[in-house]
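Novice: Okay, here's the structure, questions in a sec.
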Amino acid sequence: MKKIEAIIKPFKLDEVKKALTDIGITGMTVTEVKGHGRQKGHKEIYRGAEYQVDFLPKIKIEIIVDQPMVDLVVKRIMESARTGKIGDGKIFVMPVDEVIRVRTGESGKDAI
Amino acid sequence: MPPIDKADTAFVLVSAALVMLMTPGLAVFYAGMVRTKNVLGTIMQSFILIGVISLEWIYLGYTMSFGPDVAGIIGDLSWFALRGVSVSPHEAYGPTIPHLVFAVFQCMFAVITPALITGAFAERMRFGPFLLFSVLWAVLVYNPVCHWVWGMGGWLRNLGILDFAGGLVVHLSCGAAALAAVTVIRPRKGYGSDNFIPHNLPMTLIGTGLLWFGWFGFNGGSALAADGVAGGAFVATHLGGMAGLVTWVGVEWIHRGKPTTLGAASGAVAGLATITPGAGFVTPNAAVIIGCLAGLLCYACVASKQRIGYDDSLDVVGIHGVGGVVGTLLVGVFATRAVNPGGADGLLAGNPSLLLAQAMGVVAVGTYVFCASWVLLKIIDRLFGLRVPEDTELQGLDLGEHSETAYSA
């Protein structure tokens with residue numbers, strides 16, 4: 001099992017969610033986060049004064065999937081979250097030791 | 001006893017209520033511009049004054065400002081606790097409305113003026129010393145200046161200086177006090193390096209709307225009658241505000257490339273502040289010119305603030321101070337008896353002497369208010385300390401000074 005963590009542009013969330021639902025992903029966790037990569041923030045102007053804002057609002061999506069699904073999920077996230085402009089985000093894939101469903105106590109693949 | 005006019009009385013009562021609404025309006029106008037940790041502290045610095053200054057006003061403020069004159073400088077204390085201020089009119093202060101109605105209308109002006117100053121030292125002042133400063137400032141600065149300009153026998157009034165609704169008494173005086181405050185209280189921690197970005201501009205825009213709405217009572221009500229002068233002041237107020245709004249946004253669009261909502265709010269308030277002293281003395285076309293000049297000059301001052309190094313956090317000097325000076329001087333240019341027979345003719349109506357008198361008013365009020373406020377702040381700072389401790393400043397005034405937070409985490 002793998003955890004796929006994607007940092008995306010906030011306005012892309014609906015598209016990404018739809019793309020994942022379409023391939024049978026049933027659950028995900030979404031968090032509002034702030035950060036920057038090479039994009040390095042943006043400029044804001046208040047009463048004629050310019051401020052550099054380093055941390056931009058982003059959305060973090062966390063999904064746990066079984067190994068065979070990983071490549072497809074990554075591909076769909078890339079397709080749906082991509083604008084081609086700087087700041088589209090990143091995808092991290094990491095191993096997950098165990099998954100347990102709280103209500104039933106099921107574990108492993110069945111609990112995803 | 002002169003007869004009471006019911007329409008005049010109703011109009012001034014409603015105007016007083018409108019001016020009262022400006023103080024909570026100002027509170028949210030300012031609160032939107034500070035960071036999330038200082039929202040309640042900023043609101044409180046305006047809101048508390050509705051209580052505290054009203055109390056000061058009925059016991060001391062009204063009699064010092066409008067009571068029987070002593071040497072042109074101050075009113076005596078014979079109207080202490082509103083003694084003798086009754087439902088019968090006072091011939092100089094609204095001859096057709098109850099004297100008490102004039103007193104409560106003026107109370108609202110006394111409340112909002114020290115509240116305006118709080119924008120200068122936002123996000124770093126201790127609440128107790130702030131309260132002490134505000135009350136002493138009302139007694140030692142606002143009341144005398146109010147008497148000089150508006151009280152019967154006041155020396156500036158006797159010089160023929162015109163201030164319809166508070167260009168000198170309210171706006172220049174809060175601006176000069178704000179300038180004194182930023183020279184005494186050092187900039188916020190991180191000023192010049194950290195981002196001081198407004199936390200909620202929609203809140204500031206709601207505040208601007210409330211201020212604008214209240215300003216119709218502020219300026220219109222200053223006619224003290226539901227008459228043509230009030231109508232002219234009402235129209236001039238609206239035109240001054242809109243011209244300031246449009247000019248500020250236009251200028252910043254050219255200068256910085258983007259029209260901003262904070263610019264729209266700031267320009268409107270700059271225009272409204274600047275038209276205040278002339279609202280009842282100038283034509284609608286003059287009001288538009290005054291509003292445009294307000295938008296241009298206030299923007300220029302606010303935008304060049306950073307080079308000076310003082311942290312006038314919410315631009316009280318650049319908007320109210322500059323607006324008060326510009327507006328008061330422009331009365332000397334645009335005033336005409338054709339609009340208000342009780343006023344005077346200015347430069348364009350062939351009378352250069354009014355401009356000179358207005359300039360004298362600016363120098364006298366500006367100098368006195370700056371010096372008195374500076375001394376007052378220095379003394380309070382020495383005795384009690386004006387500034388919150390560093391950890392409170394980092395944590396925010398909401399939690400540090402009031403044990404509350406505006407937004408749950």
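Ligands are numbered from 1 in the order shown, residues from 1 within each chain, and chains are lettered A, B, ... in the order they appear in the structure tokens.
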Give the alpha helix (DSSP H) residues of stretch 130-182 of chain B, as assigned by DSSP on the backbone, as a PDB file with N, CA, C and O atoms, in the first residue's frame.
Specialist:
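Saved the output as out27.pdb:
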```pdb
ATOM      1  N   PHE B 130      -3.473  53.745  27.072  1.00  0.00           N
ATOM      2  CA  PHE B 130      -4.228  54.301  25.940  1.00  0.00           C
ATOM      3  C   PHE B 130      -5.476  55.032  26.439  1.00  0.00           C
ATOM      4  O   PHE B 130      -5.798  56.136  25.986  1.00  0.00           O
ATOM      5  N   LEU B 131      -6.193  54.400  27.388  1.00  0.00           N
ATOM      6  CA  LEU B 131      -7.406  55.030  27.931  1.00  0.00           C
ATOM      7  C   LEU B 131      -7.077  56.342  28.634  1.00  0.00           C
ATOM      8  O   LEU B 131      -7.757  57.347  28.444  1.00  0.00           O
ATOM      9  N   LEU B 132      -6.013  56.292  29.437  1.00  0.00           N
ATOM     10  CA  LEU B 132      -5.601  57.492  30.156  1.00  0.00           C
ATOM     11  C   LEU B 132      -5.263  58.609  29.168  1.00  0.00           C
ATOM     12  O   LEU B 132      -5.698  59.761  29.314  1.00  0.00           O
ATOM     13  N   PHE B 133      -4.509  58.251  28.127  1.00  0.00           N
ATOM     14  CA  PHE B 133      -4.152  59.237  27.106  1.00  0.00           C
ATOM     15  C   PHE B 133      -5.410  59.814  26.457  1.00  0.00           C
ATOM     16  O   PHE B 133      -5.541  61.033  26.297  1.00  0.00           O
ATOM     17  N   SER B 134      -6.352  58.951  26.091  1.00  0.00           N
ATOM     18  CA  SER B 134      -7.531  59.415  25.364  1.00  0.00           C
ATOM     19  C   SER B 134      -8.362  60.395  26.196  1.00  0.00           C
ATOM     20  O   SER B 134      -8.840  61.407  25.691  1.00  0.00           O
ATOM     21  N   VAL B 135      -8.519  60.077  27.483  1.00  0.00           N
ATOM     22  CA  VAL B 135      -9.322  60.957  28.336  1.00  0.00           C
ATOM     23  C   VAL B 135      -8.597  62.290  28.556  1.00  0.00           C
ATOM     24  O   VAL B 135      -9.184  63.365  28.422  1.00  0.00           O
ATOM     25  N   LEU B 136      -7.289  62.216  28.853  1.00  0.00           N
ATOM     26  CA  LEU B 136      -6.549  63.459  29.068  1.00  0.00           C
ATOM     27  C   LEU B 136      -6.471  64.276  27.780  1.00  0.00           C
ATOM     28  O   LEU B 136      -6.534  65.505  27.801  1.00  0.00           O
ATOM     29  N   TRP B 137      -6.355  63.582  26.662  1.00  0.00           N
ATOM     30  CA  TRP B 137      -6.298  64.278  25.372  1.00  0.00           C
ATOM     31  C   TRP B 137      -7.624  64.998  25.112  1.00  0.00           C
ATOM     32  O   TRP B 137      -7.643  66.143  24.657  1.00  0.00           O
ATOM     33  N   ASN B 143     -11.034  69.617  23.915  1.00  0.00           N
ATOM     34  CA  ASN B 143     -11.961  70.621  24.438  1.00  0.00           C
ATOM     35  C   ASN B 143     -11.503  72.052  24.151  1.00  0.00           C
ATOM     36  O   ASN B 143     -12.302  72.863  23.678  1.00  0.00           O
ATOM     37  N   PRO B 144     -10.218  72.400  24.416  1.00  0.00           N
ATOM     38  CA  PRO B 144      -9.784  73.758  24.077  1.00  0.00           C
ATOM     39  C   PRO B 144      -9.888  74.056  22.576  1.00  0.00           C
ATOM     40  O   PRO B 144     -10.401  75.104  22.195  1.00  0.00           O
ATOM     41  N   VAL B 145      -9.421  73.106  21.733  1.00  0.00           N
ATOM     42  CA  VAL B 145      -9.443  73.363  20.290  1.00  0.00           C
ATOM     43  C   VAL B 145     -10.886  73.532  19.804  1.00  0.00           C
ATOM     44  O   VAL B 145     -11.196  74.425  19.012  1.00  0.00           O
ATOM     45  N   CYS B 146     -11.766  72.688  20.322  1.00  0.00           N
ATOM     46  CA  CYS B 146     -13.179  72.787  19.972  1.00  0.00           C
ATOM     47  C   CYS B 146     -13.717  74.163  20.368  1.00  0.00           C
ATOM     48  O   CYS B 146     -14.435  74.806  19.607  1.00  0.00           O
ATOM     49  N   HIS B 147     -13.315  74.637  21.549  1.00  0.00           N
ATOM     50  CA  HIS B 147     -13.765  75.955  21.992  1.00  0.00           C
ATOM     51  C   HIS B 147     -13.212  77.067  21.099  1.00  0.00           C
ATOM     52  O   HIS B 147     -13.937  77.987  20.727  1.00  0.00           O
ATOM     53  N   TRP B 148     -11.912  76.983  20.763  1.00  0.00           N
ATOM     54  CA  TRP B 148     -11.313  78.030  19.913  1.00  0.00           C
ATOM     55  C   TRP B 148     -12.074  78.200  18.601  1.00  0.00           C
ATOM     56  O   TRP B 148     -12.275  79.289  18.122  1.00  0.00           O
ATOM     57  N   VAL B 149     -12.444  77.041  18.006  1.00  0.00           N
ATOM     58  CA  VAL B 149     -12.988  77.081  16.651  1.00  0.00           C
ATOM     59  C   VAL B 149     -14.514  77.235  16.641  1.00  0.00           C
ATOM     60  O   VAL B 149     -15.065  77.953  15.815  1.00  0.00           O
ATOM     61  N   TRP B 150     -15.190  76.554  17.578  1.00  0.00           N
ATOM     62  CA  TRP B 150     -16.656  76.521  17.518  1.00  0.00           C
ATOM     63  C   TRP B 150     -17.355  77.208  18.692  1.00  0.00           C
ATOM     64  O   TRP B 150     -18.539  77.527  18.602  1.00  0.00           O
ATOM     65  N   TRP B 155     -11.140  82.144  20.196  1.00  0.00           N
ATOM     66  CA  TRP B 155     -10.302  83.136  19.494  1.00  0.00           C
ATOM     67  C   TRP B 155     -10.188  82.864  17.992  1.00  0.00           C
ATOM     68  O   TRP B 155     -10.121  83.803  17.197  1.00  0.00           O
ATOM     69  N   LEU B 156     -10.188  81.608  17.586  1.00  0.00           N
ATOM     70  CA  LEU B 156     -10.136  81.333  16.144  1.00  0.00           C
ATOM     71  C   LEU B 156     -11.476  81.657  15.478  1.00  0.00           C
ATOM     72  O   LEU B 156     -11.523  82.179  14.370  1.00  0.00           O
ATOM     73  N   ARG B 157     -12.553  81.378  16.181  1.00  0.00           N
ATOM     74  CA  ARG B 157     -13.874  81.739  15.664  1.00  0.00           C
ATOM     75  C   ARG B 157     -13.974  83.251  15.469  1.00  0.00           C
ATOM     76  O   ARG B 157     -14.486  83.738  14.474  1.00  0.00           O
ATOM     77  N   ASN B 158     -13.411  83.983  16.447  1.00  0.00           N
ATOM     78  CA  ASN B 158     -13.458  85.444  16.362  1.00  0.00           C
ATOM     79  C   ASN B 158     -12.620  85.986  15.215  1.00  0.00           C
ATOM     80  O   ASN B 158     -12.861  87.089  14.732  1.00  0.00           O
ATOM     81  N   SER B 173      -6.825  67.821  14.042  1.00  0.00           N
ATOM     82  CA  SER B 173      -6.404  67.554  15.425  1.00  0.00           C
ATOM     83  C   SER B 173      -6.063  66.073  15.620  1.00  0.00           C
ATOM     84  O   SER B 173      -5.053  65.751  16.249  1.00  0.00           O
ATOM     85  N   CYS B 174      -6.850  65.159  15.039  1.00  0.00           N
ATOM     86  CA  CYS B 174      -6.463  63.747  15.200  1.00  0.00           C
ATOM     87  C   CYS B 174      -5.200  63.441  14.400  1.00  0.00           C
ATOM     88  O   CYS B 174      -4.363  62.650  14.825  1.00  0.00           O
ATOM     89  N   GLY B 175      -5.027  64.106  13.257  1.00  0.00           N
ATOM     90  CA  GLY B 175      -3.824  63.881  12.449  1.00  0.00           C
ATOM     91  C   GLY B 175      -2.568  64.377  13.146  1.00  0.00           C
ATOM     92  O   GLY B 175      -1.534  63.703  13.141  1.00  0.00           O
ATOM     93  N   ALA B 176      -2.651  65.565  13.764  1.00  0.00           N
ATOM     94  CA  ALA B 176      -1.481  66.110  14.456  1.00  0.00           C
ATOM     95  C   ALA B 176      -1.145  65.272  15.690  1.00  0.00           C
ATOM     96  O   ALA B 176       0.030  65.045  16.007  1.00  0.00           O
ATOM     97  N   ALA B 177      -2.180  64.795  16.388  1.00  0.00           N
ATOM     98  CA  ALA B 177      -1.946  63.920  17.542  1.00  0.00           C
ATOM     99  C   ALA B 177      -1.330  62.602  17.091  1.00  0.00           C
ATOM    100  O   ALA B 177      -0.445  62.046  17.755  1.00  0.00           O
ATOM    101  N   ALA B 178      -1.782  62.104  15.927  1.00  0.00           N
ATOM    102  CA  ALA B 178      -1.230  60.858  15.388  1.00  0.00           C
ATOM    103  C   ALA B 178       0.245  61.037  15.044  1.00  0.00           C
ATOM    104  O   ALA B 178       1.065  60.151  15.299  1.00  0.00           O
ATOM    105  N   LEU B 179       0.581  62.193  14.493  1.00  0.00           N
ATOM    106  CA  LEU B 179       1.984  62.471  14.156  1.00  0.00           C
ATOM    107  C   LEU B 179       2.839  62.487  15.425  1.00  0.00           C
ATOM    108  O   LEU B 179       3.936  61.908  15.468  1.00  0.00           O
ATOM    109  N   ALA B 180       2.310  63.115  16.473  1.00  0.00           N
ATOM    110  CA  ALA B 180       3.031  63.117  17.752  1.00  0.00           C
ATOM    111  C   ALA B 180       3.191  61.682  18.256  1.00  0.00           C
ATOM    112  O   ALA B 180       4.266  61.283  18.718  1.00  0.00           O
ATOM    113  N   ALA B 181       2.123  60.890  18.135  1.00  0.00           N
ATOM    114  CA  ALA B 181       2.156  59.517  18.662  1.00  0.00           C
ATOM    115  C   ALA B 181       3.219  58.670  17.965  1.00  0.00           C
ATOM    116  O   ALA B 181       3.947  57.926  18.627  1.00  0.00           O
ATOM    117  N   VAL B 182       3.331  58.798  16.649  1.00  0.00           N
ATOM    118  CA  VAL B 182       4.308  57.944  15.959  1.00  0.00           C
ATOM    119  C   VAL B 182       5.745  58.397  16.181  1.00  0.00           C
ATOM    120  O   VAL B 182       6.681  57.626  15.956  1.00  0.00           O
TER     121      VAL B 182
END
```
Novice: Please identify every residue of chain B that has at least one atom no farther than 9 Å from an atom of chain A, counting only C-alpha atoms, and for each give the shortest atom pair and the distance in Å to one decimal, arranged by chain then increasing number, as a tab-separated table.
Specialist:
```
residue	atom	partner	partner_atom	distance
B:Asp194	CA	A:Tyr51	CA	8.8
B:Asn195	CA	A:Tyr51	CA	6.2
B:Phe196	CA	A:Tyr51	CA	8.3
B:Ile197	CA	A:Tyr46	CA	7.4
B:Pro198	CA	A:Tyr46	CA	8.1
B:Glu252	CA	A:Gly48	CA	6.8
B:His255	CA	A:Gly48	CA	8.1
B:Arg256	CA	A:Gly48	CA	6.8
B:Lys258	CA	A:Ile45	CA	8.2
B:Thr260	CA	A:Tyr46	CA	7.7
B:Leu262	CA	A:Arg47	CA	6.7
B:Gly263	CA	A:Arg47	CA	6.0
B:Ser266	CA	A:Arg47	CA	8.0
B:Tyr299	CA	A:Arg47	CA	7.7
B:Ala300	CA	A:Gly48	CA	8.9
B:Val302	CA	A:Arg47	CA	7.0
B:Ala303	CA	A:Gly48	CA	5.0
B:Ser304	CA	A:Gly48	CA	8.5
B:Gln306	CA	A:Ala49	CA	8.1
```
Novice: If we count only C-alpha atoms and set the cut-off at 7 Å, which residues sit around stretch 329-333 of chain B, ignoring sequence neighbours fewer than 2 positions away in its own chain? Please answer as an NGL selection string.
Specialist: :B and (277-278 or 325-327 or 335 or 346-348 or 354-355 or 358-359)
Novice: Any chance you could export the current selection's N, CA, C and O atoms as a CSV table (one decimal), in the first residue's frame?
Specialist:
```csv
chain,number,residue,atom,x,y,z
B,277,PRO,N,-14.5,70.4,6.4
B,277,PRO,CA,-14.6,71.8,6.8
B,277,PRO,C,-15.3,72.8,5.9
B,277,PRO,O,-15.8,73.8,6.3
B,278,GLY,N,-15.4,72.4,4.6
B,278,GLY,CA,-16.1,73.2,3.6
B,278,GLY,C,-17.5,72.8,3.2
B,278,GLY,O,-18.1,73.5,2.4
B,325,VAL,N,-5.8,69.6,6.7
B,325,VAL,CA,-5.1,70.8,6.3
B,325,VAL,C,-5.6,71.2,4.9
B,325,VAL,O,-5.9,72.4,4.7
B,326,VAL,N,-5.6,70.3,4.0
B,326,VAL,CA,-6.0,70.7,2.6
B,326,VAL,C,-7.4,71.2,2.6
B,326,VAL,O,-7.7,72.2,2.0
B,327,GLY,N,-8.3,70.5,3.2
B,327,GLY,CA,-9.7,70.9,3.2
B,327,GLY,C,-9.9,72.3,3.9
B,327,GLY,O,-10.7,73.1,3.4
B,335,ALA,N,-14.9,79.0,-0.6
B,335,ALA,CA,-16.1,79.4,0.1
B,335,ALA,C,-16.8,80.6,-0.6
B,335,ALA,O,-16.2,81.4,-1.2
B,346,GLY,N,-14.4,83.3,-0.2
B,346,GLY,CA,-13.0,83.0,-0.3
B,346,GLY,C,-12.3,83.6,-1.4
B,346,GLY,O,-12.8,84.6,-2.1
B,347,LEU,N,-11.1,83.1,-1.7
B,347,LEU,CA,-10.2,83.7,-2.8
B,347,LEU,C,-11.0,83.9,-4.1
B,347,LEU,O,-10.9,84.9,-4.7
B,348,LEU,N,-11.6,82.8,-4.6
B,348,LEU,CA,-12.3,82.9,-5.9
B,348,LEU,C,-13.5,83.8,-5.9
B,348,LEU,O,-13.9,84.2,-7.0
B,354,LEU,N,-9.6,85.5,3.7
B,354,LEU,CA,-10.1,84.3,4.4
B,354,LEU,C,-9.1,83.2,4.3
B,354,LEU,O,-8.9,82.4,5.3
B,355,LEU,N,-8.4,83.1,3.2
B,355,LEU,CA,-7.4,82.0,3.0
B,355,LEU,C,-6.3,82.2,4.1
B,355,LEU,O,-5.8,81.2,4.7
B,358,GLN,N,-7.6,81.0,7.4
B,358,GLN,CA,-7.7,79.6,7.4
B,358,GLN,C,-6.3,79.0,7.6
B,358,GLN,O,-6.1,78.0,8.4
B,359,ALA,N,-5.3,79.6,7.0
B,359,ALA,CA,-3.9,79.1,7.2
B,359,ALA,C,-3.4,79.3,8.6
B,359,ALA,O,-2.8,78.5,9.2
```
Novice: From the options B:Trp212, B:Tyr191, B:Phe29, B:Trp79, which residue's atoms come nearest to B:Leu100, counting only C-alpha atoms?
Specialist: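 Of B:Trp212, B:Tyr191, B:Phe29, B:Trp79, the one nearest B:Leu100, counting only C-alpha atoms, is B:Trp79.
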Novice: Excluding stretch 80-84 of chain A and its own-chain neighbours fewer than 2 positions away, which residues fall within 6 Å of it when counting only C-alpha atoms? Please give them as a PyMOL selection string.
Specialist: chain A and resi 12+15-16+77-78+88
Novice: When you count only C-alpha atoms, which of these residues is closest to A:Pro10: A:Pro57, A:Gly89, A:Gly108, A:Pro68?
Specialist: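 Comparing A:Pro57, A:Gly89, A:Gly108, A:Pro68 against A:Pro10, the winner is A:Pro57.
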Novice: Could you tell me how far atom CA of B:Met125 sits from atom CA of B:Arg387, in Å to one decimal place?
Specialist: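 That distance, rounded to one decimal, is 4.7 Å.
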Novice: Within 7 Å of A:Glu62, counting only C-alpha atoms, which residues qualify if same-chain residues fewer than 2 places away don't, as a list in words?
Specialist: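 After dropping sequence-adjacent residues, the list is Lys3, Ile4, Glu5, Ala6, Met28, Thr29, Val30, Lys60 and Ile64 of chain A.
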Novice: Residues near A:Phe11, anyone? I mean within 9 Å using only C-alpha atoms, not counting same-chain ones fewer than 3 positions away, as a PyMOL selection string.
Specialist: chain A and resi 8+14-15+58-59
Novice: Just N, CA and C atoms for this one: save the residues we selected as a CSV table (one decimal), in the first residue's frame.
Specialist:
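selection_18.csv, written as the output of this step:
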```csv
chain,number,residue,atom,x,y,z
A,8,ILE,N,-1.6,20.8,-4.6
A,8,ILE,CA,-2.1,21.3,-5.9
A,8,ILE,C,-2.6,22.8,-5.7
A,14,ASP,N,-11.6,20.6,-7.5
A,14,ASP,CA,-12.7,19.9,-8.0
A,14,ASP,C,-12.4,19.0,-9.2
A,15,GLU,N,-11.5,19.5,-10.1
A,15,GLU,CA,-11.1,18.7,-11.2
A,15,GLU,C,-10.4,17.4,-10.8
A,58,LYS,N,-2.3,26.6,-0.9
A,58,LYS,CA,-2.3,25.4,-1.7
A,58,LYS,C,-3.3,24.4,-1.1
A,59,ILE,N,-3.6,23.3,-1.8
A,59,ILE,CA,-4.4,22.2,-1.2
A,59,ILE,C,-3.6,21.0,-1.2
```
Novice: For atom CA of B:Pro341 and atom CA of B:Gln106, quote the distance in Å rounded to one decimal.
Specialist: 23.0 Å
